[in-house]
file model.txt (compact mmCIF, C-alpha atoms and all ligand atoms)
# COMPACT_ATOMS: atom_id res chain seq x y z
CA MET A 1022 117.80 110.66 108.56
CA ILE A 1023 114.24 111.93 108.95
CA GLU A 1024 115.53 114.43 111.51
CA PHE A 1025 116.87 116.47 108.58
CA LEU A 1026 113.27 116.93 107.45
CA SER A 1027 112.02 119.46 109.99
CA PRO A 1028 108.95 118.16 111.82
CA VAL A 1029 105.90 120.29 111.05
CA SER A 1030 103.44 120.71 113.90
CA ILE A 1031 103.37 117.08 115.07
CA PRO A 1032 102.06 117.14 118.66
CA PRO A 1033 104.83 116.19 121.16
CA GLN A 1034 102.97 113.11 122.44
CA ASP A 1035 102.82 111.77 118.85
CA GLN A 1036 106.41 112.75 118.07
CA ALA A 1037 107.41 110.73 121.16
CA LEU A 1038 106.20 107.56 119.44
CA ARG A 1039 109.03 107.94 116.90
CA GLN A 1040 111.86 106.81 119.19
CA GLU A 1041 109.88 103.79 120.37
CA VAL A 1042 109.16 102.70 116.78
CA ARG A 1043 112.78 103.24 115.76
CA ALA A 1044 114.08 101.12 118.63
CA PHE A 1045 111.64 98.34 117.70
CA LEU A 1046 112.62 98.48 114.01
CA HIS A 1047 116.32 98.53 114.79
CA ASP A 1048 115.97 95.04 116.28
CA ALA A 1049 113.17 93.70 114.08
CA LEU A 1050 114.87 94.56 110.76
CA ALA A 1051 118.46 93.80 111.75
CA GLY A 1052 120.32 91.93 109.03
CA ARG A 1053 117.69 92.41 106.27
CA ALA A 1054 119.28 93.27 102.91
CA PRO A 1055 118.45 96.71 101.47
CA ASP A 1056 116.88 95.27 98.31
CA LEU A 1057 114.45 93.35 100.53
CA LEU A 1058 113.76 96.47 102.58
CA ALA A 1059 113.14 98.43 99.35
CA ARG A 1060 110.03 96.25 98.83
CA SER A 1061 108.51 97.64 102.08
CA TRP A 1062 104.76 97.99 101.49
CA MET A 1063 105.03 95.33 98.78
CA GLY A 1064 106.84 93.05 101.26
CA TYR A 1065 104.52 90.47 102.84
CA ASP A 1066 105.52 89.25 106.31
CA ALA A 1067 102.61 88.22 108.53
CA ASP A 1068 104.91 87.59 111.53
CA PHE A 1069 106.16 91.17 111.33
CA SER A 1070 102.56 92.48 111.20
CA ARG A 1071 101.67 90.36 114.23
CA ALA A 1072 104.68 91.77 116.10
CA LEU A 1073 103.40 95.30 115.34
CA ALA A 1074 99.94 94.28 116.55
CA ARG A 1075 101.41 93.07 119.85
CA LYS A 1076 102.91 96.55 120.27
CA GLY A 1077 99.41 98.00 119.77
CA TRP A 1078 100.39 99.64 116.47
CA LEU A 1079 97.68 98.27 114.19
CA GLY A 1080 94.41 100.18 114.19
CA LEU A 1081 96.18 103.04 115.93
CA THR A 1082 93.34 105.49 115.21
CA LEU A 1083 90.45 103.07 115.85
CA PRO A 1084 88.27 103.34 118.97
CA ARG A 1085 89.34 101.24 121.95
CA ALA A 1086 85.94 99.55 121.88
CA TYR A 1087 87.04 97.83 118.64
CA GLY A 1088 90.59 97.00 119.74
CA GLY A 1089 92.25 100.22 118.52
CA ALA A 1090 94.48 102.66 120.37
CA GLU A 1091 92.25 105.71 119.80
CA ARG A 1092 95.18 107.89 118.78
CA GLY A 1093 95.12 110.66 116.20
CA HIS A 1094 96.20 110.91 112.57
CA PHE A 1095 99.55 112.48 113.51
CA ALA A 1096 100.47 109.43 115.60
CA ARG A 1097 99.60 107.26 112.61
CA PHE A 1098 101.67 109.53 110.36
CA VAL A 1099 104.73 109.12 112.62
CA LEU A 1100 104.29 105.34 112.75
CA SER A 1101 103.78 105.03 108.97
CA GLU A 1102 106.71 107.31 108.24
CA GLU A 1103 109.10 105.35 110.44
CA LEU A 1104 107.97 102.00 109.03
CA LEU A 1105 108.31 103.12 105.42
CA ALA A 1106 111.56 105.06 105.82
CA ALA A 1107 113.12 101.94 107.36
CA GLY A 1108 111.68 99.71 104.62
CA ALA A 1109 109.64 97.55 107.04
CA PRO A 1110 107.69 94.73 105.31
CA VAL A 1111 104.21 96.06 106.04
CA ALA A 1112 102.20 94.63 103.14
CA ALA A 1113 100.32 91.97 105.14
CA HIS A 1114 98.33 94.44 107.25
CA TRP A 1115 98.79 97.68 105.28
CA ILE A 1116 95.55 97.79 103.33
CA ALA A 1117 93.41 96.59 106.24
CA ASP A 1118 94.96 99.13 108.56
CA ARG A 1119 95.03 102.07 106.15
CA GLN A 1120 91.80 101.65 104.23
CA SER A 1121 89.53 98.76 105.13
CA ALA A 1122 89.32 99.51 108.85
CA PRO A 1123 88.48 103.24 108.45
CA LEU A 1124 85.94 102.27 105.77
CA ILE A 1125 84.27 99.66 108.00
CA LEU A 1126 84.31 102.08 110.94
CA ARG A 1127 82.64 104.79 108.86
CA TYR A 1128 80.12 102.80 106.81
CA GLY A 1129 79.82 99.41 108.51
CA THR A 1130 77.08 98.22 110.84
CA ASP A 1131 78.00 97.71 114.46
CA ALA A 1132 77.98 93.94 113.87
CA GLN A 1133 80.48 94.38 111.00
CA ARG A 1134 82.68 96.61 113.17
CA GLN A 1135 82.60 94.11 116.04
CA PHE A 1136 83.43 91.25 113.70
CA TYR A 1137 86.25 92.75 111.60
CA LEU A 1138 87.95 95.59 113.47
CA PRO A 1139 89.36 93.73 116.51
CA ARG A 1140 90.75 91.05 114.16
CA ILE A 1141 92.39 93.74 112.01
CA CYS A 1142 93.99 95.19 115.16
CA ARG A 1143 95.31 91.74 116.13
CA ALA A 1144 96.70 91.12 112.59
CA GLU A 1145 94.33 88.18 112.20
CA ALA A 1146 92.35 89.62 109.26
CA PHE A 1147 94.20 90.90 106.20
CA PHE A 1148 92.33 92.69 103.40
CA CYS A 1149 92.82 93.53 99.74
CA ILE A 1150 91.17 96.12 97.47
CA GLY A 1151 89.07 94.86 94.56
CA MET A 1152 88.54 97.86 92.34
CA SER A 1153 90.42 97.33 89.03
CA GLU A 1154 89.07 94.90 86.43
CA PRO A 1155 90.53 93.74 83.10
CA ASP A 1156 88.51 96.42 81.26
CA ALA A 1157 88.09 98.93 84.07
CA GLY A 1158 91.17 100.46 85.72
CA SER A 1159 91.03 104.24 85.55
CA ASP A 1160 87.41 104.11 84.46
CA LEU A 1161 86.03 102.36 87.53
CA ALA A 1162 82.47 103.33 86.66
CA SER A 1163 82.53 100.72 83.89
CA ILE A 1164 83.18 97.73 86.16
CA ARG A 1165 81.25 94.57 85.26
CA THR A 1166 81.60 92.38 88.35
CA ARG A 1167 78.07 92.01 89.60
CA ALA A 1168 76.42 90.98 92.86
CA ARG A 1169 72.76 90.05 92.41
CA ARG A 1170 70.33 89.50 95.24
CA GLU A 1171 69.31 85.91 95.86
CA GLY A 1172 67.29 84.98 98.92
CA ALA A 1173 68.68 86.73 101.95
CA GLY A 1174 72.11 87.23 100.39
CA TRP A 1175 73.98 87.88 97.16
CA VAL A 1176 75.58 85.92 94.32
CA LEU A 1177 78.82 87.36 92.93
CA ASP A 1178 80.17 86.86 89.39
CA GLY A 1179 83.06 88.57 87.62
CA ALA A 1180 86.80 89.19 87.82
CA LYS A 1181 89.25 91.63 89.40
CA ILE A 1182 92.88 92.25 88.43
CA TRP A 1183 96.06 93.72 89.92
CA THR A 1184 94.68 92.94 93.38
CA THR A 1185 97.61 93.41 95.77
CA ASN A 1186 98.14 90.45 98.11
CA ALA A 1187 94.89 88.67 97.22
CA GLN A 1188 96.78 85.36 97.52
CA HIS A 1189 97.45 86.08 101.21
CA ALA A 1190 94.46 88.18 102.25
CA HIS A 1191 91.45 86.80 104.09
CA TYR A 1192 88.97 89.35 102.67
CA MET A 1193 88.49 91.66 99.71
CA ILE A 1194 86.42 94.82 99.77
CA ALA A 1195 85.16 94.79 96.21
CA LEU A 1196 83.48 97.52 94.20
CA VAL A 1197 80.71 95.76 92.25
CA ARG A 1198 77.56 96.54 90.33
CA THR A 1199 74.40 95.69 92.28
CA HIS A 1200 71.91 97.20 89.84
CA GLY A 1201 71.77 98.87 86.42
CA THR A 1202 74.27 98.47 83.59
CA VAL A 1203 77.67 99.86 82.61
CA GLU A 1204 75.80 102.73 80.90
CA ASP A 1205 74.49 103.82 84.30
CA ARG A 1206 78.10 104.64 85.23
CA HIS A 1207 78.46 105.50 88.94
CA ALA A 1208 74.85 104.73 89.82
CA GLY A 1209 74.29 101.14 90.93
CA LEU A 1210 77.78 100.48 92.32
CA SER A 1211 78.17 99.07 95.83
CA GLN A 1212 80.92 97.72 98.07
CA VAL A 1213 80.84 94.16 99.37
CA ILE A 1214 83.15 92.23 101.67
CA VAL A 1215 84.17 88.92 100.09
CA ASP A 1216 85.65 86.02 102.06
CA LEU A 1217 88.44 84.94 99.71
CA HIS A 1218 88.23 81.35 100.93
CA ALA A 1219 84.57 81.00 99.89
CA PRO A 1220 83.67 78.39 97.23
CA GLY A 1221 83.79 79.89 93.72
CA VAL A 1222 86.72 82.28 94.38
CA THR A 1223 89.91 81.62 92.37
CA VAL A 1224 93.05 83.66 93.02
CA ARG A 1225 95.88 83.60 90.48
CA PRO A 1226 99.10 85.52 91.32
CA ILE A 1227 100.77 87.63 88.59
CA VAL A 1228 104.58 87.78 88.48
CA ASP A 1229 105.97 91.30 87.90
CA VAL A 1230 109.08 92.40 85.99
CA ALA A 1231 111.25 92.03 89.14
CA GLY A 1232 110.11 88.41 89.63
CA ASP A 1233 107.81 89.14 92.60
CA ALA A 1234 104.17 88.04 92.75
CA HIS A 1235 102.51 90.72 94.89
CA PHE A 1236 99.33 91.21 92.88
CA CYS A 1237 96.75 88.81 91.44
CA GLU A 1238 93.83 88.08 89.20
CA VAL A 1239 90.74 87.10 91.21
CA PHE A 1240 87.77 85.30 89.64
CA PHE A 1241 84.27 84.98 91.14
CA ASP A 1242 82.07 82.16 89.89
CA GLN A 1243 78.66 82.21 91.57
CA VAL A 1244 80.15 83.09 94.94
CA ARG A 1245 77.47 83.14 97.64
CA LEU A 1246 77.65 86.09 100.00
CA GLY A 1247 75.57 86.66 103.11
CA GLU A 1248 73.18 89.58 103.59
CA ASP A 1249 75.83 91.23 105.76
CA ALA A 1250 78.38 91.29 102.90
CA LEU A 1251 77.13 94.70 101.78
CA ILE A 1252 79.11 97.50 103.36
CA GLY A 1253 77.45 100.90 103.60
CA THR A 1254 74.50 101.70 101.40
CA GLU A 1255 73.55 99.84 98.24
CA GLY A 1256 74.23 102.08 95.22
CA GLU A 1257 76.53 104.42 97.19
CA GLY A 1258 79.73 102.51 96.36
CA TRP A 1259 81.16 105.27 94.22
CA ALA A 1260 81.01 107.93 96.96
CA GLN A 1261 82.36 105.43 99.51
CA VAL A 1262 85.27 104.46 97.26
CA ASN A 1263 86.23 108.09 96.74
CA ALA A 1264 86.34 108.69 100.50
CA GLU A 1265 88.52 105.56 100.80
CA LEU A 1266 90.92 106.76 98.09
CA ALA A 1267 91.67 109.93 100.09
CA PHE A 1268 93.15 107.66 102.80
CA GLU A 1269 95.09 105.73 100.17
CA ARG A 1270 96.60 108.71 98.38
CA SER A 1271 97.61 111.06 101.14
CA GLY A 1272 100.07 109.11 103.28
CA PRO A 1273 103.87 109.04 103.42
CA GLU A 1274 103.96 105.88 101.27
CA ARG A 1275 103.83 108.26 98.31
CA LEU A 1276 107.19 109.76 99.28
CA TYR A 1277 109.35 106.97 100.64
CA SER A 1278 109.30 104.15 98.05
CA SER A 1279 112.92 104.94 97.06
CA MET A 1280 114.06 105.91 100.56
CA VAL A 1281 116.11 102.76 101.17
CA LEU A 1282 118.16 103.65 98.08
CA VAL A 1283 118.67 107.20 99.39
CA GLN A 1284 119.92 105.67 102.64
CA CYS A 1285 122.32 103.37 100.69
CA TRP A 1286 123.55 106.43 98.78
CA LEU A 1287 124.13 108.43 101.98
CA ASP A 1288 125.99 105.48 103.54
CA LEU A 1289 128.22 105.29 100.46
CA CYS A 1290 128.92 109.05 100.48
CA ARG A 1291 129.72 108.98 104.20
CA GLY A 1292 131.91 105.87 103.77
CA GLN A 1293 133.86 107.52 100.94
CA GLY A 1294 133.95 110.93 102.66
CA SER A 1295 132.47 112.48 99.48
CA GLN A 1296 132.75 116.28 99.66
CA ASP A 1297 132.31 117.29 96.01
CA SER A 1298 129.70 119.80 94.96
CA ALA A 1299 127.88 117.40 92.58
CA THR A 1300 127.16 115.04 95.51
CA ALA A 1301 126.01 117.94 97.67
CA VAL A 1302 123.70 119.29 94.94
CA LEU A 1303 122.18 115.86 94.27
CA THR A 1304 121.71 114.88 97.92
CA GLY A 1305 120.55 118.34 99.01
CA GLY A 1306 118.11 118.50 96.11
CA ILE A 1307 116.50 115.16 97.00
CA LEU A 1308 116.24 116.01 100.70
CA ALA A 1309 114.86 119.51 100.03
CA GLN A 1310 112.10 118.11 97.82
CA MET A 1311 111.34 115.37 100.31
CA ALA A 1312 111.07 117.90 103.14
CA THR A 1313 108.58 119.98 101.14
CA LEU A 1314 106.49 116.99 100.16
CA ARG A 1315 106.56 115.72 103.71
CA SER A 1316 105.17 119.03 104.94
CA MET A 1317 102.37 118.75 102.38
CA SER A 1318 101.61 115.18 103.43
CA LEU A 1319 101.58 116.25 107.09
CA SER A 1320 99.20 119.05 106.28
CA ILE A 1321 96.81 116.46 104.85
CA ALA A 1322 97.15 114.40 108.05
CA GLY A 1323 96.03 117.61 109.80
CA LYS A 1324 92.97 117.87 107.56
CA LEU A 1325 92.08 114.23 108.21
CA ALA A 1326 92.48 114.93 111.94
CA ARG A 1327 89.93 117.74 111.58
CA GLY A 1328 87.51 115.34 109.91
CA GLU A 1329 87.87 116.83 106.42
CA SER A 1330 88.10 114.74 103.24
CA PRO A 1331 91.05 116.28 101.35
CA ALA A 1332 90.68 114.37 98.05
CA VAL A 1333 92.15 117.07 95.78
CA GLU A 1334 95.08 117.78 98.12
CA ALA A 1335 95.78 114.04 98.42
CA ALA A 1336 95.83 113.72 94.60
CA LEU A 1337 98.31 116.61 94.42
CA VAL A 1338 100.67 115.09 97.01
CA LYS A 1339 100.51 111.66 95.37
CA ASP A 1340 101.28 113.12 91.95
CA LEU A 1341 104.25 115.18 93.15
CA GLY A 1342 105.46 112.50 95.58
CA THR A 1343 105.50 109.69 93.06
CA GLU A 1344 107.34 111.93 90.60
CA LEU A 1345 110.17 112.32 93.12
CA GLU A 1346 110.11 108.62 94.08
CA GLN A 1347 110.47 107.77 90.40
CA ARG A 1348 113.28 110.24 89.77
CA ILE A 1349 115.46 109.10 92.68
CA PRO A 1350 116.67 105.78 91.14
CA ALA A 1351 117.55 107.58 87.90
CA LEU A 1352 119.39 110.40 89.73
CA ILE A 1353 121.37 108.05 91.98
CA GLY A 1354 121.99 105.65 89.09
CA ASP A 1355 123.50 108.51 87.03
CA ALA A 1356 125.62 109.64 89.98
CA LEU A 1357 126.93 106.09 90.52
CA GLY A 1358 127.65 105.79 86.80
CA ALA A 1359 129.72 109.00 86.93
CA LEU A 1360 131.99 107.73 89.71
CA ALA A 1361 135.58 107.04 88.63
CA GLU A 1362 135.47 103.79 90.60
CA PRO A 1363 132.01 102.17 90.86
CA PRO A 1364 131.45 100.82 94.39
CA ALA A 1365 131.69 97.04 94.84
CA ASP A 1366 128.49 96.93 96.86
CA ASP A 1367 126.14 94.21 95.59
CA ALA A 1368 123.33 95.26 97.93
CA LEU A 1369 123.39 98.81 96.57
CA TRP A 1370 123.27 97.63 92.94
CA ARG A 1371 120.49 95.14 93.65
CA THR A 1372 118.46 97.89 95.37
CA LEU A 1373 119.01 100.27 92.48
CA SER A 1374 118.11 97.60 89.94
CA TYR A 1375 114.91 96.67 91.82
CA LEU A 1376 113.77 100.29 92.09
CA GLU A 1377 114.62 101.08 88.48
CA GLN A 1378 112.36 98.21 87.43
CA MET A 1379 109.54 99.06 89.83
CA SER A 1380 109.49 102.85 89.79
CA PRO A 1381 107.25 103.15 86.69
CA THR A 1382 104.49 101.46 88.74
CA PHE A 1383 104.66 104.08 91.52
CA SER A 1384 102.45 106.43 89.50
CA LEU A 1385 99.99 103.67 88.48
CA ARG A 1386 98.90 102.09 91.79
CA GLY A 1387 96.18 104.04 93.58
CA GLY A 1388 95.19 105.97 90.43
CA THR A 1389 97.41 107.02 87.53
CA ARG A 1390 99.13 110.38 87.17
CA GLU A 1391 96.76 111.47 84.39
CA ILE A 1392 93.68 110.63 86.47
CA LEU A 1393 95.08 112.50 89.48
CA ARG A 1394 95.80 115.56 87.35
CA GLY A 1395 92.21 115.46 86.15
CA ILE A 1396 91.04 115.50 89.79
CA ILE A 1397 93.38 118.40 90.58
CA ALA A 1398 92.15 120.32 87.52
CA ARG A 1399 88.54 119.80 88.58
CA GLY A 1400 89.42 120.92 92.12
CA LEU A 1401 90.85 124.13 90.65
CA ASP A 1402 87.70 124.64 88.51
CA LEU A 1403 89.77 124.17 85.35
CA ARG A 1404 87.53 121.41 83.95
C1 LIG B 1501 101.81 97.72 91.84
C2 LIG B 1501 100.35 97.88 91.59
C3 LIG B 1501 99.45 97.50 92.56
C4 LIG B 1501 98.07 97.62 92.33
N1 LIG B 1501 97.20 97.19 93.29
C5 LIG B 1501 95.87 97.27 93.07
C6 LIG B 1501 94.95 96.78 94.04
O1 LIG B 1501 95.33 96.31 95.11
N2 LIG B 1501 93.62 96.84 93.76
C7 LIG B 1501 93.14 97.38 92.60
O2 LIG B 1501 91.93 97.44 92.44
N3 LIG B 1501 93.99 97.84 91.64
C8 LIG B 1501 95.35 97.80 91.85
N4 LIG B 1501 96.22 98.25 90.90
C9 LIG B 1501 95.69 98.70 89.62
C10 LIG B 1501 95.80 100.18 89.38
O3 LIG B 1501 94.92 100.90 90.23
C11 LIG B 1501 95.46 100.40 87.89
O4 LIG B 1501 96.55 99.85 87.16
C12 LIG B 1501 95.29 101.82 87.54
O5 LIG B 1501 94.12 102.33 88.13
C13 LIG B 1501 95.22 102.03 86.02
O6 LIG B 1501 94.27 101.19 85.43
P1 LIG B 1501 94.65 100.31 84.14
O7 LIG B 1501 95.88 99.53 84.46
O8 LIG B 1501 93.44 99.57 83.73
O9 LIG B 1501 95.07 101.36 83.01
P2 LIG B 1501 94.08 102.22 82.10
O10 LIG B 1501 92.97 102.78 82.90
O11 LIG B 1501 93.74 101.40 80.90
O12 LIG B 1501 95.03 103.41 81.67
C14 LIG B 1501 96.05 103.26 80.66
C15 LIG B 1501 96.70 104.63 80.45
O13 LIG B 1501 95.70 105.57 79.97
C16 LIG B 1501 95.64 106.71 80.81
N5 LIG B 1501 94.25 107.16 80.95
C17 LIG B 1501 93.17 106.38 81.23
N6 LIG B 1501 92.06 107.16 81.31
C18 LIG B 1501 92.45 108.43 81.09
C19 LIG B 1501 91.77 109.69 81.07
N7 LIG B 1501 90.45 109.78 81.30
N8 LIG B 1501 92.49 110.81 80.83
C20 LIG B 1501 93.84 110.73 80.61
N9 LIG B 1501 94.54 109.56 80.61
C21 LIG B 1501 93.85 108.44 80.86
C22 LIG B 1501 96.16 106.24 82.15
O14 LIG B 1501 96.69 107.32 82.92
C23 LIG B 1501 97.24 105.24 81.76
O15 LIG B 1501 98.45 105.91 81.47
C24 LIG B 1501 97.59 98.14 91.10
C25 LIG B 1501 98.52 98.54 90.12
C26 LIG B 1501 99.87 98.41 90.35
C27 LIG B 1501 100.83 98.85 89.29
call {"tool": "encode", "arguments": {"input": "model.txt", "output": "structure tokens"}}
result
Amino acid sequence: MIEFLSPVSIPPQDQALRQEVRAFLHDALAGRAPDLLARSWMGYDADFSRALARKGWLGLTLPRAYGGAERGHFARFVLSEELLAAGAPVAAHWIADRQSAPLILRYGTDAQRQFYLPRICRAEAFFCIGMSEPDAGSDLASIRTRARREGAGWVLDGAKIWTTNAQHAHYMIALVRTHGTVEDRHAGLSQVIVDLHAPGVTVRPIVDVAGDAHFCEVFFDQVRLGEDALIGTEGEGWAQVNAELAFERSGPERLYSSMVLVQCWLDLCRGQGSQDSATAVLTGGILAQMATLRSMSLSIAGKLARGESPAVEAALVKDLGTELEQRIPALIGDALGALAEPPADDALWRTLSYLEQMSPTFSLRGGTREILRGIIARGLDLR
């Protein structure tokens, strides 16, 4: 149904990737229930990620020298959009592919690039993001996890929370304090790569309201890290993290979290031959907003392609996109409730129920709505 959302300036060679991805997904996802598909980038399936890697679709924008396909941001946009709109279970590789690999490419040493990037492209190295802590979520500058120098390496102590897929990932890129105190705020923060199988690391999954365990608490008790654990420059972690968050916030995953439900709704309307104006207003309204947001997200892909760092624009798209993603289950739920004869479609109800439970989290992960609005206000010189 993406063809309803007019493509905005995607180069033809990147647009051509769409049909290939669709054909692959048609076979790979056949028979998966919609409520499973609705989990999409929360859905962990390492075999699926490896199948994508065999197609050459992990590390799409990375240089060939590191195992990538050296394609542009629009190609990655098309791939991401097709995966998410179809509800593909992308969680295993998503963070490594979206964030960790670009971060390592930009700030890592050549040895770090040679070591991690080809394995990310082959779906052999999965990553998680260690930013939030029990007392530091929005206010990342107050994190307490600390890496202190010892000999040639580091010793890590502290705890992270809400770490998506830490129980499956091989590595975490953690934001930690390497010097100073909490009062020093952003100064003294650094990023380190932690092998999650190292002695002293404990990972404890947290079960969410829908019964899934996709995020974790992670504890570090005197974890020994090598000299090469530091990524980028010591003390520059804050600037590095902000560059990383622009990748996290700008993509189509901020538009399509409720897309599988929209598809269920369209299937129902088509099956029932619904022609009434209320259905047209609801469906047209959702698609019109999605088309606008998609254009905005594409425009950010264009900025990334030009080497810009569109942090304010990405915050704006995430804020507006998650608002729509959150509204869709309520809108479709109301429309289903208004039907004279509720459909006997268990898959539809399970999908709706899952998204109604999860949608409040859409505007928390990756930075809350209030924090994003603060960034937008600063970008507009209002603060
Ligand atoms: C599904 C999911 C997956 C996640 N995955 C990860 C992950 O992989 N890695 C990771 O590091 N974190 C992850 N998180 C954590 C997420 O980034 C944090 O929950 C988020 O940053 C908010 O932090 P907090 O929960 O500590 O809330 P708090 O920071 O305590 O905020 C509580 C409330 O106060 C508001 N608030 C806080 N400060 C301000 C302010 N200055 N102005 C106005 N309002 C404010 C917030 O908007 C929020 O509504 C995940 C969260 C979810 C829900």
call {"tool": "residues_around", "arguments": {"input": "model.txt", "residues": "Thr1166 (chain A)", "least_positions_apart": "2", "cutoff": "12 Å", "atoms": "all atoms listed in the file", "output": "PyMOL selection string"}}
result
chain A and resi 1151-1157+1161-1164+1168-1169+1176-1182+1195-1203+1209-1213+1239-1244
call {"tool": "atom_distance", "arguments": {"input": "model.txt", "atom1": "CA of Ile1125 (chain A)", "atom2": "CA of Pro1084 (chain A)"}}
result
12.2 Å
call {"tool": "atom_distance", "arguments": {"input": "model.txt", "atom1": "CA of Lys1339 (chain A)", "atom2": "CA of Leu1276 (chain A)"}}
result
8.0 Å
call {"tool": "residues_near_ligand", "arguments": {"input": "model.txt", "ligand": "ligand LIG 1501 (chain B)", "cutoff": "7 Å", "atoms": "only C-alpha atoms and all ligand atoms", "output": "list in words"}}
result
Cys1149, Ile1150, Gly1151, Met1152, Ser1153, Glu1154, Pro1155, Asp1156, Ala1157, Gly1158, Ser1159, Asp1160, Ile1182, Trp1183, Thr1184, Thr1185, Phe1236, Thr1382, Phe1383, Leu1385, Arg1386, Gly1387, Gly1388, Thr1389, Arg1390, Glu1391 and Ile1392 of chain A
call {"tool": "closest_residue", "arguments": {"input": "model.txt", "among": "A:Thr1130, A:Thr1300, A:Gln1040, A:Asn1186", "to": "Met1063 (chain A)", "atoms": "all atoms listed in the file"}}
result
A:Asn1186
call {"tool": "atom_distance", "arguments": {"input": "model.txt", "atom1": "CA of Gly1077 (chain A)", "atom2": "CA of Arg1143 (chain A)"}}
result
8.3 Å
call {"tool": "closest_residue", "arguments": {"input": "model.txt", "among": "A:Met1280, A:Leu1217, A:Ala1049, A:Leu1369", "to": "Gln1188 (chain A)", "atoms": "all atoms listed in the file"}}
result
A:Leu1217
call {"tool": "residues_around", "arguments": {"input": "model.txt", "residues": "Tyr1137 (chain A)", "least_positions_apart": "5", "cutoff": "9 Å", "atoms": "all atoms listed in the file", "output": "ChimeraX atom specification"}}
result
/A:1087,1122,1125,1132,1142,1146
call {"tool": "decode", "arguments": {"input": "model.txt", "residues": "region 1196-1211 of chain A", "atoms": "C-alpha atoms", "output": "PDB file, in the first residue's frame"}}
result
ATOM      1  CA  LEU A1196      27.818   5.892  27.363  1.00  0.00           C
ATOM      2  CA  VAL A1197      29.905   6.022  30.553  1.00  0.00           C
ATOM      3  CA  ARG A1198      31.777   8.488  32.709  1.00  0.00           C
ATOM      4  CA  THR A1199      35.551   8.250  32.262  1.00  0.00           C
ATOM      5  CA  HIS A1200      36.467  11.283  34.357  1.00  0.00           C
ATOM      6  CA  GLY A1201      34.871  13.928  36.581  1.00  0.00           C
ATOM      7  CA  THR A1202      31.611  13.617  38.509  1.00  0.00           C
ATOM      8  CA  VAL A1203      27.879  13.909  37.815  1.00  0.00           C
ATOM      9  CA  GLU A1204      28.239  17.660  38.518  1.00  0.00           C
ATOM     10  CA  ASP A1205      30.508  17.948  35.472  1.00  0.00           C
ATOM     11  CA  ARG A1206      27.477  17.032  33.344  1.00  0.00           C
ATOM     12  CA  HIS A1207      28.435  16.413  29.696  1.00  0.00           C
ATOM     13  CA  ALA A1208      32.175  16.765  30.253  1.00  0.00           C
ATOM     14  CA  GLY A1209      33.911  13.481  31.039  1.00  0.00           C
ATOM     15  CA  LEU A1210      31.494  11.172  29.202  1.00  0.00           C
ATOM     16  CA  SER A1211      32.847   8.633  26.714  1.00  0.00           C
TER      17      SER A1211
END
